[in-house]
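Participant: Quick one, input.txt (compact mmCIF, C-alpha atoms):
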```txt
# COMPACT_ATOMS: atom_id res chain seq x y z
CA MET A 7 -11.61 27.01 9.36
CA ASN A 8 -10.36 30.26 8.00
CA ARG A 9 -6.74 29.63 7.30
CA SER A 10 -4.63 31.73 4.98
CA ALA A 11 -4.20 30.16 1.57
CA PRO A 12 -0.77 28.59 1.08
CA ARG A 13 1.69 30.84 -0.77
CA SER A 14 4.53 28.37 -1.24
CA ILE A 15 4.94 24.67 -1.93
CA ASP A 16 6.27 24.10 1.57
CA GLN A 17 3.29 25.87 3.11
CA TYR A 18 0.91 23.85 0.97
CA LEU A 19 2.53 20.57 1.96
CA ARG A 20 2.51 21.58 5.63
CA GLN A 21 -1.20 22.37 5.49
CA LEU A 22 -1.91 19.13 3.67
CA ARG A 23 -0.03 17.22 6.35
CA GLU A 24 -2.04 18.99 9.03
CA GLU A 25 -5.28 18.16 7.25
CA LEU A 26 -4.30 14.52 7.11
CA ALA A 27 -3.28 14.41 10.77
CA GLY A 28 -4.41 11.15 12.31
CA ALA A 29 -4.60 9.35 8.96
CA ASP A 30 -2.43 6.36 8.17
CA SER A 31 1.21 7.43 8.06
CA ALA A 32 1.74 5.59 4.78
CA LEU A 33 -1.21 7.43 3.22
CA ILE A 34 0.21 10.78 4.35
CA GLN A 35 3.54 9.97 2.75
CA ASP A 36 1.85 9.12 -0.56
CA ALA A 37 -0.40 12.18 -0.52
CA LEU A 38 2.52 14.53 0.14
CA TYR A 39 4.52 12.89 -2.62
CA ASP A 40 1.72 13.24 -5.17
CA ALA A 41 1.07 16.86 -4.21
CA GLU A 42 4.74 17.70 -4.45
CA GLU A 43 4.98 16.14 -7.91
CA TYR A 44 2.03 18.19 -9.12
CA LEU A 45 3.02 21.48 -7.49
CA ARG A 46 6.62 21.36 -8.67
CA ALA A 47 5.51 20.47 -12.19
CA GLU A 48 3.00 23.32 -12.12
CA VAL A 49 5.61 25.82 -10.98
CA ALA A 50 8.05 24.55 -13.59
CA ALA A 51 5.38 24.86 -16.28
CA HIS A 52 4.95 28.59 -15.55
CA PRO A 53 8.48 29.98 -15.53
CA ASP A 54 7.09 33.50 -16.00
CA LYS A 55 5.15 33.42 -12.73
CA SER A 56 6.50 33.34 -9.20
CA GLU A 57 5.85 30.41 -6.91
CA SER A 58 3.33 32.36 -4.84
CA ASP A 59 1.41 33.43 -7.96
CA VAL A 60 1.12 29.83 -9.07
CA LEU A 61 0.05 28.73 -5.61
CA GLU A 62 -2.65 31.38 -5.59
CA LEU A 63 -4.52 29.50 -8.32
CA ILE A 64 -3.82 26.05 -6.97
CA ALA A 65 -7.03 25.82 -4.94
CA SER A 66 -9.06 25.97 -8.16
CA THR A 67 -6.96 23.45 -10.08
CA TYR A 68 -5.30 20.92 -7.79
CA GLY A 69 -7.64 21.69 -4.92
CA ALA A 70 -7.18 23.24 -1.50
CA PRO A 71 -5.34 21.14 1.08
CA ASP A 72 -8.56 20.17 2.86
CA GLU A 73 -10.24 19.01 -0.37
CA VAL A 74 -7.24 16.95 -1.38
CA ALA A 75 -6.97 15.44 2.09
CA GLY A 76 -10.64 14.50 1.89
CA ALA A 77 -10.13 12.84 -1.50
CA TYR A 78 -7.30 10.69 -0.14
CA ARG A 79 -9.30 9.64 2.89
CA ASP A 80 -12.37 8.80 0.80
CA THR A 81 -10.47 6.89 -1.87
CA GLU A 82 -8.60 4.89 0.74
CA ILE A 83 -11.83 3.80 2.39
CA LYS A 84 -13.48 2.92 -0.94
CA VAL A 85 -10.47 1.00 -2.21
CA LYS A 86 -10.18 -0.94 1.03
CA ALA A 87 -13.85 -1.86 0.81
CA ALA A 88 -13.59 -2.77 -2.88
CA MET A 89 -10.39 -4.75 -2.57
CA ALA A 90 -11.34 -6.74 0.51
CA THR A 91 -12.61 -10.12 -0.60
CA PRO A 92 -16.15 -10.37 0.71
CA ARG A 93 -15.83 -13.18 3.18
CA LYS A 94 -18.69 -14.71 5.07
CA GLU A 95 -17.67 -14.50 8.69
CA PRO A 96 -18.16 -17.88 10.33
CA HIS A 97 -20.23 -17.62 13.49
CA THR A 98 -19.51 -20.77 15.42
CA ALA A 99 -16.30 -21.07 17.43
CA LEU A 100 -15.35 -24.14 15.42
CA GLY A 101 -16.00 -22.30 12.16
CA LYS A 102 -13.88 -19.40 13.34
CA PHE A 103 -11.06 -21.71 14.30
CA PHE A 104 -10.95 -23.57 11.00
CA GLY A 105 -12.02 -20.53 9.00
CA VAL A 106 -8.38 -19.48 8.99
CA PHE A 107 -7.81 -21.89 6.09
CA LEU A 108 -10.02 -19.68 3.91
CA ASP A 109 -8.07 -16.54 4.77
CA PRO A 110 -5.44 -15.82 2.10
CA ARG A 111 -3.61 -13.61 4.62
CA ALA A 112 -2.76 -16.66 6.71
CA TYR A 113 -1.04 -18.35 3.77
CA THR A 114 0.80 -15.25 2.67
CA SER A 115 1.92 -14.54 6.25
CA LEU A 116 3.24 -18.08 6.51
CA PHE A 117 5.09 -17.56 3.25
CA PHE A 118 6.46 -14.30 4.57
CA MET A 119 7.80 -16.14 7.64
CA LEU A 120 9.62 -18.62 5.42
CA LEU A 121 10.97 -15.82 3.27
CA ALA A 122 12.08 -13.79 6.29
CA LEU A 123 15.20 -15.87 6.76
CA ALA A 124 16.45 -15.13 3.25
CA THR A 125 15.55 -11.43 3.31
CA GLY A 126 16.87 -11.19 6.88
CA ILE A 127 20.29 -12.45 5.83
CA ILE A 128 20.44 -10.04 2.90
CA TYR A 129 19.33 -7.06 5.02
CA PHE A 130 21.76 -7.93 7.81
CA VAL A 131 24.71 -8.23 5.45
CA LEU A 132 23.73 -4.99 3.72
CA ALA A 133 23.36 -3.02 6.95
CA VAL A 134 26.44 -4.38 8.70
CA ALA A 135 28.67 -4.09 5.64
CA GLY A 136 27.33 -0.62 4.87
CA LEU A 137 27.77 0.65 8.41
CA SER A 138 31.24 -0.76 8.93
CA LEU A 139 32.50 0.34 5.53
CA SER A 140 31.03 3.81 6.14
CA ALA A 141 32.86 3.96 9.46
CA GLY A 142 36.08 2.78 7.85
CA PHE A 143 35.80 5.13 4.87
CA SER A 144 34.83 8.10 7.01
CA VAL A 145 38.47 9.25 7.23
CA LEU A 146 38.86 9.01 3.45
CA ILE A 147 37.53 11.29 0.77
CA ILE A 148 35.10 8.63 -0.43
CA GLY A 149 33.55 8.44 3.05
CA VAL A 150 30.66 10.85 2.49
CA PRO A 151 29.66 9.63 -1.00
CA PHE A 152 29.81 6.04 0.18
CA PHE A 153 27.61 6.79 3.16
CA LEU A 154 25.10 8.55 0.92
CA ILE A 155 24.93 5.60 -1.46
CA PHE A 156 24.46 3.31 1.52
CA MET A 157 21.58 5.45 2.81
CA ALA A 158 19.95 5.53 -0.63
CA VAL A 159 20.14 1.74 -0.87
CA CYS A 160 18.63 1.44 2.62
CA ARG A 161 15.68 3.60 1.59
CA VAL A 162 15.02 1.61 -1.54
CA VAL A 163 15.25 -1.64 0.42
CA SER A 164 12.89 -0.35 3.10
CA LEU A 165 10.36 0.68 0.44
CA ALA A 166 10.63 -2.76 -1.16
CA GLU A 167 10.22 -4.43 2.23
CA GLY A 168 7.14 -2.27 2.80
CA ARG A 169 5.64 -3.40 -0.50
CA LEU A 170 6.38 -7.01 0.39
CA ILE A 171 4.74 -6.62 3.79
CA GLU A 172 1.68 -4.97 2.28
CA ALA A 173 1.35 -7.77 -0.24
CA MET A 174 1.74 -10.42 2.45
CA THR A 175 -0.26 -9.00 5.35
CA GLY A 176 -2.52 -6.42 3.74
CA VAL A 177 -1.33 -3.65 6.06
CA ARG A 178 -1.00 -0.32 4.28
CA MET A 179 2.64 0.64 3.69
CA PRO A 180 4.04 3.58 1.68
CA ARG A 181 3.87 3.30 -2.09
CA ARG A 182 6.17 6.23 -2.65
CA PRO A 183 9.59 6.98 -1.22
CA VAL A 184 10.01 9.96 1.08
CA TYR A 185 10.91 12.92 -1.07
CA GLN A 186 13.24 15.38 0.53
CA GLY A 187 12.69 18.99 -0.38
CA ALA A 188 14.88 20.17 -3.20
CA ALA A 189 15.10 23.55 -1.49
CA LEU A 190 17.66 22.33 1.04
CA GLY A 191 21.34 22.45 0.26
CA PHE A 192 23.55 19.39 -0.05
CA TRP A 193 25.02 19.51 3.47
CA ALA A 194 21.72 20.56 5.01
CA ARG A 195 20.12 17.49 3.48
CA ILE A 196 22.79 15.20 4.91
CA GLY A 197 22.32 16.82 8.32
CA GLU A 198 18.56 16.39 8.04
CA MET A 199 19.06 12.74 7.19
CA LEU A 200 21.35 12.13 10.16
CA ARG A 201 18.88 13.80 12.53
CA ASP A 202 15.95 11.86 11.08
CA ARG A 203 14.86 9.16 13.50
CA ARG A 204 13.71 7.05 10.55
CA THR A 205 17.21 6.77 9.11
CA TRP A 206 18.43 4.97 12.20
CA SER A 207 15.30 2.94 12.81
CA THR A 208 15.52 1.67 9.21
CA ILE A 209 19.08 0.45 9.75
CA ALA A 210 18.06 -1.10 13.09
CA TYR A 211 15.19 -2.87 11.31
CA LEU A 212 17.50 -4.27 8.64
CA ILE A 213 19.84 -5.65 11.32
CA LEU A 214 17.02 -7.01 13.49
CA MET A 215 15.50 -8.84 10.54
CA LEU A 216 18.17 -11.56 10.77
CA PRO A 217 17.31 -12.83 14.29
CA ILE A 218 13.62 -12.22 13.67
CA GLY A 219 13.83 -14.03 10.33
CA ILE A 220 15.52 -17.01 11.96
CA VAL A 221 12.75 -17.26 14.56
CA TYR A 222 9.99 -16.96 11.92
CA PHE A 223 11.65 -19.52 9.69
CA VAL A 224 12.08 -22.04 12.54
CA ILE A 225 8.48 -21.61 13.68
CA ALA A 226 7.17 -22.05 10.14
CA VAL A 227 9.34 -25.01 9.19
CA ALA A 228 9.00 -26.85 12.52
CA GLY A 229 5.25 -26.23 12.67
CA LEU A 230 4.68 -27.30 9.07
CA SER A 231 6.81 -30.44 9.21
CA VAL A 232 5.41 -31.71 12.53
CA SER A 233 1.77 -31.02 11.71
CA LEU A 234 1.95 -32.31 8.14
CA SER A 235 3.70 -35.53 9.20
CA LEU A 236 1.03 -36.09 11.84
CA ILE A 237 -1.71 -35.57 9.27
CA VAL A 238 -0.07 -37.96 6.84
CA ALA A 239 0.54 -40.56 9.58
CA PRO A 240 -2.86 -42.31 9.38
CA ILE A 241 -2.61 -42.64 5.60
CA ALA A 242 0.95 -43.91 5.87
CA THR A 243 -0.18 -46.42 8.48
CA VAL A 244 -2.89 -47.82 6.30
CA LEU A 245 -0.51 -48.10 3.36
CA ALA A 246 2.24 -49.64 5.51
CA GLN A 247 -0.12 -52.17 7.01
CA ALA A 248 -1.25 -53.09 3.56
CA GLY A 249 2.42 -53.88 2.98
CA TRP A 250 2.94 -51.08 0.43
CA PHE A 251 6.09 -49.73 2.04
CA GLY A 252 8.32 -49.88 5.09
CA VAL A 253 10.57 -47.25 6.61
CA GLY A 254 14.26 -47.96 7.05
CA GLY A 255 13.86 -51.70 7.08
CA ILE A 256 11.27 -51.52 9.83
CA GLU A 257 7.73 -52.03 8.82
CA ALA A 258 6.13 -48.77 9.80
CA PHE A 259 3.32 -49.06 12.32
CA SER A 260 3.41 -52.82 12.07
CA ASP A 261 2.66 -55.13 14.95
CA ALA A 262 6.38 -55.63 15.48
CA GLN A 263 6.56 -52.12 16.96
CA PRO A 264 6.21 -51.64 20.71
CA ALA A 265 2.61 -50.96 21.55
CA TRP A 266 1.94 -47.41 22.72
CA ALA A 267 -1.14 -45.32 22.99
CA PHE A 268 -1.29 -44.18 19.37
CA HIS A 269 -0.30 -47.50 17.99
CA THR A 270 -3.78 -48.87 17.78
CA GLY A 271 -6.52 -48.72 15.25
CA PHE A 272 -8.20 -46.18 17.48
CA GLY A 273 -5.10 -44.12 18.25
CA ILE A 274 -3.85 -43.59 14.72
CA PRO A 275 -6.66 -41.22 13.61
CA VAL A 276 -6.07 -39.24 16.83
CA LEU A 277 -2.57 -38.51 15.53
CA GLY A 278 -4.05 -37.15 12.34
CA LEU A 279 -6.49 -35.02 14.29
CA ALA A 280 -3.68 -33.64 16.45
CA GLY A 281 -1.80 -32.76 13.27
CA LEU A 282 -4.81 -30.92 11.90
CA LEU A 283 -5.23 -28.95 15.13
CA LEU A 284 -1.53 -28.10 15.12
CA LEU A 285 -1.67 -26.96 11.49
CA THR A 286 -4.70 -24.78 12.18
CA SER A 287 -2.97 -23.24 15.20
CA LEU A 288 0.07 -22.59 13.06
CA MET A 289 -2.06 -20.75 10.51
CA HIS A 290 -3.54 -18.60 13.28
CA LEU A 291 -0.06 -17.96 14.64
CA ALA A 292 1.22 -17.01 11.19
CA ARG A 293 -1.62 -14.57 10.64
CA GLY A 294 -1.03 -13.01 14.06
CA ILE A 295 2.70 -12.75 13.49
CA GLY A 296 2.05 -11.18 10.10
CA ARG A 297 -0.06 -8.46 11.70
CA LEU A 298 2.38 -7.83 14.52
CA HIS A 299 5.30 -7.73 12.16
CA ALA A 300 3.54 -5.24 9.89
CA MET A 301 2.96 -2.97 12.90
CA PHE A 302 6.59 -3.32 13.86
CA ALA A 303 7.78 -2.60 10.33
CA LYS A 304 5.55 0.45 10.16
CA THR A 305 6.98 2.01 13.30
CA MET A 306 10.51 1.32 12.11
CA LEU A 307 10.30 2.14 8.39
CA VAL A 308 7.66 4.85 8.09
CA ALA A 309 8.16 8.31 9.53
CA ARG A 310 5.50 9.13 12.11
CA SER A 311 5.23 12.49 10.48
CA ALA A 312 7.93 13.74 8.22
CA PRO A 313 10.46 16.39 9.41
CA GLY A 314 8.96 19.71 10.39
CA THR A 315 6.15 18.31 12.52
CA PRO A 316 3.08 20.56 12.41
CA GLU A 317 2.23 22.68 15.38
CA PRO A 318 0.01 20.63 17.69
CA ALA A 319 -2.49 23.47 18.03
CA GLU A 320 -3.45 23.26 14.36
CA SER A 321 -3.09 19.56 13.78
CA GLY A 322 -6.43 18.84 15.40
CA ALA A 323 -8.28 21.08 12.98
CA PRO A 324 -11.64 19.68 11.85
CA LEU A 325 -11.66 18.02 8.48
CA ALA A 326 -13.87 18.71 5.52
CA ALA A 327 -16.09 15.70 5.07
CA MET B 19 -25.30 28.17 0.37
CA ASP B 20 -26.06 27.30 -3.24
CA ASP B 21 -22.46 27.07 -4.26
CA SER B 22 -21.55 24.45 -1.70
CA ASN B 23 -24.64 22.42 -2.59
CA GLU B 24 -23.57 22.41 -6.21
CA ARG B 25 -20.09 21.34 -5.29
CA LYS B 26 -21.37 18.59 -3.05
CA PHE B 27 -23.56 17.23 -5.84
CA GLN B 28 -20.67 17.41 -8.32
CA LYS B 29 -18.41 15.60 -5.86
CA GLU B 30 -20.90 12.81 -5.34
CA LEU B 31 -21.33 12.42 -9.08
CA ASN B 32 -17.60 12.26 -9.58
CA GLY B 33 -17.22 9.27 -7.25
CA GLY B 34 -16.92 6.58 -9.88
CA LEU B 35 -16.54 8.77 -12.94
CA VAL B 36 -12.97 9.82 -12.20
CA GLY B 37 -11.84 6.21 -12.53
CA LEU B 38 -13.73 5.80 -15.82
CA VAL B 39 -12.28 9.00 -17.28
CA LEU B 40 -8.74 8.14 -16.21
CA LEU B 41 -8.95 4.69 -17.76
CA ALA B 42 -10.35 6.21 -20.96
CA VAL B 43 -7.58 8.84 -21.14
CA LEU B 44 -4.90 6.22 -20.67
CA ALA B 45 -6.52 3.87 -23.16
CA GLU B 46 -6.55 6.66 -25.79
CA SER B 47 -2.96 7.66 -25.17
CA ASN B 48 -0.13 6.12 -27.19
CA GLU B 49 2.45 6.86 -24.52
CA ASP B 50 2.68 6.46 -20.76
CA LEU B 51 1.39 9.45 -18.83
CA TYR B 52 2.15 10.79 -15.37
CA GLY B 53 -0.25 12.41 -12.94
CA TYR B 54 0.39 16.02 -13.86
CA GLU B 55 0.13 15.35 -17.59
CA ILE B 56 -3.18 13.55 -17.17
CA ALA B 57 -4.49 16.39 -15.02
CA LYS B 58 -3.55 18.91 -17.69
CA ARG B 59 -5.14 16.88 -20.48
CA LEU B 60 -8.38 16.75 -18.54
CA ALA B 61 -8.23 20.48 -17.87
CA ASN B 62 -7.45 21.30 -21.52
CA ALA B 63 -10.33 19.16 -22.74
CA ASN B 64 -12.68 21.36 -20.72
CA GLU B 65 -11.36 24.83 -21.55
CA GLY B 66 -8.84 24.96 -18.78
CA THR B 67 -10.94 23.93 -15.83
CA SER B 68 -11.36 20.33 -14.93
CA ILE B 69 -14.74 19.12 -13.68
CA PHE B 70 -12.96 17.61 -10.71
CA LYS B 71 -10.05 18.95 -8.73
CA GLU B 72 -6.81 17.65 -10.16
CA GLY B 73 -5.66 16.62 -6.71
CA THR B 74 -8.37 13.98 -6.60
CA ILE B 75 -7.04 12.01 -9.56
CA TYR B 76 -3.83 10.92 -7.85
CA PRO B 77 -5.42 8.70 -5.20
CA VAL B 78 -7.68 7.20 -7.90
CA LEU B 79 -4.67 6.49 -10.13
CA ARG B 80 -3.03 4.64 -7.28
CA ALA B 81 -6.22 2.74 -6.53
CA LEU B 82 -6.55 1.66 -10.18
CA SER B 83 -2.92 0.66 -10.15
CA ALA B 84 -3.42 -1.38 -6.99
CA GLY B 85 -6.31 -3.13 -8.73
CA ASN B 86 -4.01 -4.14 -11.64
CA LEU B 87 -5.96 -1.98 -14.08
CA LEU B 88 -2.86 0.15 -14.61
CA THR B 89 0.84 -0.53 -14.46
CA SER B 90 3.36 2.10 -13.59
CA ARG B 91 7.05 2.87 -13.70
CA ILE B 92 9.10 5.57 -12.05
CA VAL B 93 11.18 8.05 -14.00
CA PRO B 94 13.44 10.66 -12.37
CA SER B 95 12.48 14.27 -12.96
CA TYR B 96 14.36 17.56 -12.82
CA SER B 97 11.48 19.60 -11.49
CA GLY B 98 10.60 17.55 -8.43
CA PRO B 99 10.23 14.05 -7.06
CA PRO B 100 10.51 11.16 -9.54
CA ARG B 101 7.39 10.84 -11.67
CA ARG B 102 5.24 7.78 -11.87
CA TYR B 103 4.15 7.01 -15.41
CA TYR B 104 0.99 4.99 -15.87
CA ARG B 105 -0.11 2.67 -18.64
CA ILE B 106 -3.38 0.75 -18.96
CA THR B 107 -3.25 -3.04 -18.72
CA GLU B 108 -5.24 -5.61 -20.68
CA GLN B 109 -7.40 -6.12 -17.61
CA GLY B 110 -7.84 -2.35 -17.47
CA ARG B 111 -9.04 -2.29 -21.08
CA SER B 112 -11.64 -4.96 -20.51
CA VAL B 113 -12.83 -3.22 -17.33
CA LEU B 114 -13.00 0.05 -19.27
CA ALA B 115 -15.17 -1.60 -21.93
CA GLU B 116 -17.58 -2.82 -19.25
CA TRP B 117 -17.61 0.54 -17.49
CA LYS B 118 -18.33 2.33 -20.77
CA LEU B 119 -21.42 0.21 -21.30
CA ILE B 120 -22.57 0.86 -17.74
CA TRP B 121 -21.96 4.57 -18.18
CA ALA B 122 -23.83 4.69 -21.49
CA SER B 123 -26.89 2.94 -20.08
CA THR B 124 -26.80 5.08 -16.92
CA ARG B 125 -26.54 8.27 -18.96
CA ASP B 126 -29.41 7.24 -21.24
CA PHE B 127 -31.51 6.36 -18.24
CA VAL B 128 -30.85 9.70 -16.54
CA ASP B 129 -31.38 11.60 -19.80
CA ARG B 130 -34.78 10.04 -20.22
CA PHE B 131 -35.92 11.93 -17.11
CA THR B 132 -33.86 15.09 -17.17
CA GLU B 133 -34.28 15.97 -20.85
CA THR B 134 -38.06 15.87 -20.86
CA GLU B 135 -38.72 18.48 -18.23
CA ASN B 136 -42.03 19.61 -19.67
CA SER B 137 -43.27 16.32 -20.98
CA GLU B 138 -45.56 13.80 -19.34
CA ILE B 139 -43.02 12.78 -16.67
CA GLY B 140 -43.13 16.24 -15.20
CA HIS B 141 -46.87 15.97 -14.58
CA SER B 142 -46.82 13.03 -12.26
CA SER B 143 -49.28 14.68 -9.85
```
Can the structure in the file be given as structure tokens, please?
Facilitator:
Amino acid sequence: MNRSAPRSIDQYLRQLREELAGADSALIQDALYDAEEYLRAEVAAHPDKSESDVLELIASTYGAPDEVAGAYRDTEIKVKAAMATPRKEPHTALGKFFGVFLDPRAYTSLFFMLLALATGIIYFVLAVAGLSLSAGFSVLIIGVPFFLIFMAVCRVVSLAEGRLIEAMTGVRMPRRPVYQGAALGFWARIGEMLRDRRTWSTIAYLILMLPIGIVYFVIAVAGLSVSLSLIVAPIATVLAQAGWFGVGGIEAFSDAQPAWAFHTGFGIPVLGLAGLLLLTSLMHLARGIGRLHAMFAKTMLVARSAPGTPEPAESGAPLAA
Amino acid sequence: MDDSNERKFQKELNGGLVGLVLLAVLAESNEDLYGYEIAKRLANANEGTSIFKEGTIYPVLRALSAGNLLTSRIVPSYSGPPRRYYRITEQGRSVLAEWKLIWASTRDFVDRFTETENSEIGHSS
């Protein structure tokens, strides 16, 4: 690969993005951010040299784009391997089914589902209020500044949501905000932002989180309450029959109740078993929803590849190992 | 090519060492440091050229941070995107202490072979 060495920060970042083509979009965003921090600091530290002079030496200090891309790929793989809790994979079908209780992701996903209602309401209010106020203010002089503040808040919220999702589901999300080139002018940056697909998909995500959050919350609460009550039922029965407590004046599970299938010494444990199966299914469901939601959030909140998509001919360039 | 072989060997050696050096630099420092500053300190300590490419420390910094060995905060900057300043955590310090011991014993072990080129170990045939 005999490509001309980058002579400007923009060229360097473009080459780095090409080298990382196919990598996780969140990783690309982080790598570009780090490189930009370094390169701008390096240029600022040498006011006597031009940008292209500084860039000429960058391959020997910061590293050429392909080296840096390789470092990010390697580190990501190592960290993933190091961070993943070594878990013995159960082999039997039964072990796999109940193994979900040992997976921390299932618990965190379930927690995320419960939390989604609260965050959904906040996001929805933020997005709807921001959009409608922006529309209303657009005829006034404060229209543009207000819209910009709204967009900035949206970006911060989307980054925070990404961090939350990564913590809950383990799916890689950006750790750095998107940095927009300082080279662009004020109006050009606003135009760029309005043309950016991500701007609108972020707002759509914030609005959609309310209905989605309601669904998640209902699934989690209904599933938990039904399955946990079924699991507790046998214990409650034993205690009630021992005369320890009654429910609402009726002796729970006593002989005074109409006899139905589960109201026998044999049937009661079946209730508990059903509760356990339901709870396990709920954990599987939560883990699955967590994964799906992370994929959804990634398509909505993370740019597929930031503005100025690389030419397709070069993006498939072979990578340094 | 000799040069690429050397670089490959250096790169393989650097694998775990970058993390150790970064933790040590941050443990020595009285103030929080950001990526560029750390890179420059490393370069200055070795007469201007760092053993490893400065671009490779950023992903390691983030990995250490994700492992709770470092904490970080963001500070706006005039020259570019906001900078992330890192500081070592208590957990980071205890990990550093362990890693130092491992490094010392590894180095001694390697030295035992490499520093006695003409002694009895060389005549194993």
Participant: Contacts from chain B to chain A, 10 Å maximum, all atoms listed in the file: show me the residue list as number ranges by chain.
Facilitator: B: 29, 33, 52-55, 57-58, 61, 66-78, 80-82, 84-85, 92, 95-102
Participant: Would you save the residues from that selection as a CSV table (one decimal), in the coordinates of the input, using C-alpha atoms?
Facilitator:
```csv
chain,number,residue,atom,x,y,z
B,29,LYS,CA,-18.4,15.6,-5.9
B,33,GLY,CA,-17.2,9.3,-7.2
B,52,TYR,CA,2.2,10.8,-15.4
B,53,GLY,CA,-0.2,12.4,-12.9
B,54,TYR,CA,0.4,16.0,-13.9
B,55,GLU,CA,0.1,15.4,-17.6
B,57,ALA,CA,-4.5,16.4,-15.0
B,58,LYS,CA,-3.6,18.9,-17.7
B,61,ALA,CA,-8.2,20.5,-17.9
B,66,GLY,CA,-8.8,25.0,-18.8
B,67,THR,CA,-10.9,23.9,-15.8
B,68,SER,CA,-11.4,20.3,-14.9
B,69,ILE,CA,-14.7,19.1,-13.7
B,70,PHE,CA,-13.0,17.6,-10.7
B,71,LYS,CA,-10.0,19.0,-8.7
B,72,GLU,CA,-6.8,17.6,-10.2
B,73,GLY,CA,-5.7,16.6,-6.7
B,74,THR,CA,-8.4,14.0,-6.6
B,75,ILE,CA,-7.0,12.0,-9.6
B,76,TYR,CA,-3.8,10.9,-7.8
B,77,PRO,CA,-5.4,8.7,-5.2
B,78,VAL,CA,-7.7,7.2,-7.9
B,80,ARG,CA,-3.0,4.6,-7.3
B,81,ALA,CA,-6.2,2.7,-6.5
B,82,LEU,CA,-6.6,1.7,-10.2
B,84,ALA,CA,-3.4,-1.4,-7.0
B,85,GLY,CA,-6.3,-3.1,-8.7
B,92,ILE,CA,9.1,5.6,-12.0
B,95,SER,CA,12.5,14.3,-13.0
B,96,TYR,CA,14.4,17.6,-12.8
B,97,SER,CA,11.5,19.6,-11.5
B,98,GLY,CA,10.6,17.6,-8.4
B,99,PRO,CA,10.2,14.0,-7.1
B,100,PRO,CA,10.5,11.2,-9.5
B,101,ARG,CA,7.4,10.8,-11.7
B,102,ARG,CA,5.2,7.8,-11.9
```
Participant: Between A:Ala99, A:Ile147, A:Ile34, A:Ala133, which is the closest to Val163 of chain A once you count all atoms listed in the file?
Facilitator: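 Looking at the shortest contact to Val163 of chain A, the residue is A:Ala133.
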Participant: Could you tell me which of A:Pro240, A:Ala11, A:Asp30, A:Val308 comes closest to Arg203 of chain A if we count all atoms listed in the file?
Facilitator: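 Under the stated criterion, the closest residue is A:Val308.
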Participant: How many Å separate atom CA of Ile295 of chain A from atom CA of Gly229 of chain A?
Facilitator: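 Result for atom CA of Ile295 of chain A versus atom CA of Gly229 of chain A: 13.7 Å, one decimal.
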Participant: From (-9.4, -20.4, 13.0), in the file's coordinates, out to 12 Å: which residues are reached, counting all atoms listed in the file? Answer as JSON, numbers by chain.
Facilitator: {"A": [95, 96, 97, 98, 99, 100, 101, 102, 103, 104, 105, 106, 107, 108, 109, 112, 282, 283, 284, 285, 286, 287, 288, 289, 290, 291, 292, 293, 294]}
Participant: Please produce a file of the residues just selected, as a PDB file, in the coordinates of the input, where the atoms kept are C-alpha atoms.
Facilitator:
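Below you can see part-v2.pdb, which holds the result:
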```pdb
ATOM      1  CA  GLU A  95     -17.670 -14.500   8.690  1.00  0.00           C
ATOM      2  CA  PRO A  96     -18.160 -17.880  10.330  1.00  0.00           C
ATOM      3  CA  HIS A  97     -20.230 -17.620  13.490  1.00  0.00           C
ATOM      4  CA  THR A  98     -19.510 -20.770  15.420  1.00  0.00           C
ATOM      5  CA  ALA A  99     -16.300 -21.070  17.430  1.00  0.00           C
ATOM      6  CA  LEU A 100     -15.350 -24.140  15.420  1.00  0.00           C
ATOM      7  CA  GLY A 101     -16.000 -22.300  12.160  1.00  0.00           C
ATOM      8  CA  LYS A 102     -13.880 -19.400  13.340  1.00  0.00           C
ATOM      9  CA  PHE A 103     -11.060 -21.710  14.300  1.00  0.00           C
ATOM     10  CA  PHE A 104     -10.950 -23.570  11.000  1.00  0.00           C
ATOM     11  CA  GLY A 105     -12.020 -20.530   9.000  1.00  0.00           C
ATOM     12  CA  VAL A 106      -8.380 -19.480   8.990  1.00  0.00           C
ATOM     13  CA  PHE A 107      -7.810 -21.890   6.090  1.00  0.00           C
ATOM     14  CA  LEU A 108     -10.020 -19.680   3.910  1.00  0.00           C
ATOM     15  CA  ASP A 109      -8.070 -16.540   4.770  1.00  0.00           C
ATOM     16  CA  ALA A 112      -2.760 -16.660   6.710  1.00  0.00           C
ATOM     17  CA  LEU A 282      -4.810 -30.920  11.900  1.00  0.00           C
ATOM     18  CA  LEU A 283      -5.230 -28.950  15.130  1.00  0.00           C
ATOM     19  CA  LEU A 284      -1.530 -28.100  15.120  1.00  0.00           C
ATOM     20  CA  LEU A 285      -1.670 -26.960  11.490  1.00  0.00           C
ATOM     21  CA  THR A 286      -4.700 -24.780  12.180  1.00  0.00           C
ATOM     22  CA  SER A 287      -2.970 -23.240  15.200  1.00  0.00           C
ATOM     23  CA  LEU A 288       0.070 -22.590  13.060  1.00  0.00           C
ATOM     24  CA  MET A 289      -2.060 -20.750  10.510  1.00  0.00           C
ATOM     25  CA  HIS A 290      -3.540 -18.600  13.280  1.00  0.00           C
ATOM     26  CA  LEU A 291      -0.060 -17.960  14.640  1.00  0.00           C
ATOM     27  CA  ALA A 292       1.220 -17.010  11.190  1.00  0.00           C
ATOM     28  CA  ARG A 293      -1.620 -14.570  10.640  1.00  0.00           C
ATOM     29  CA  GLY A 294      -1.030 -13.010  14.060  1.00  0.00           C
TER      30      GLY A 294
END
```
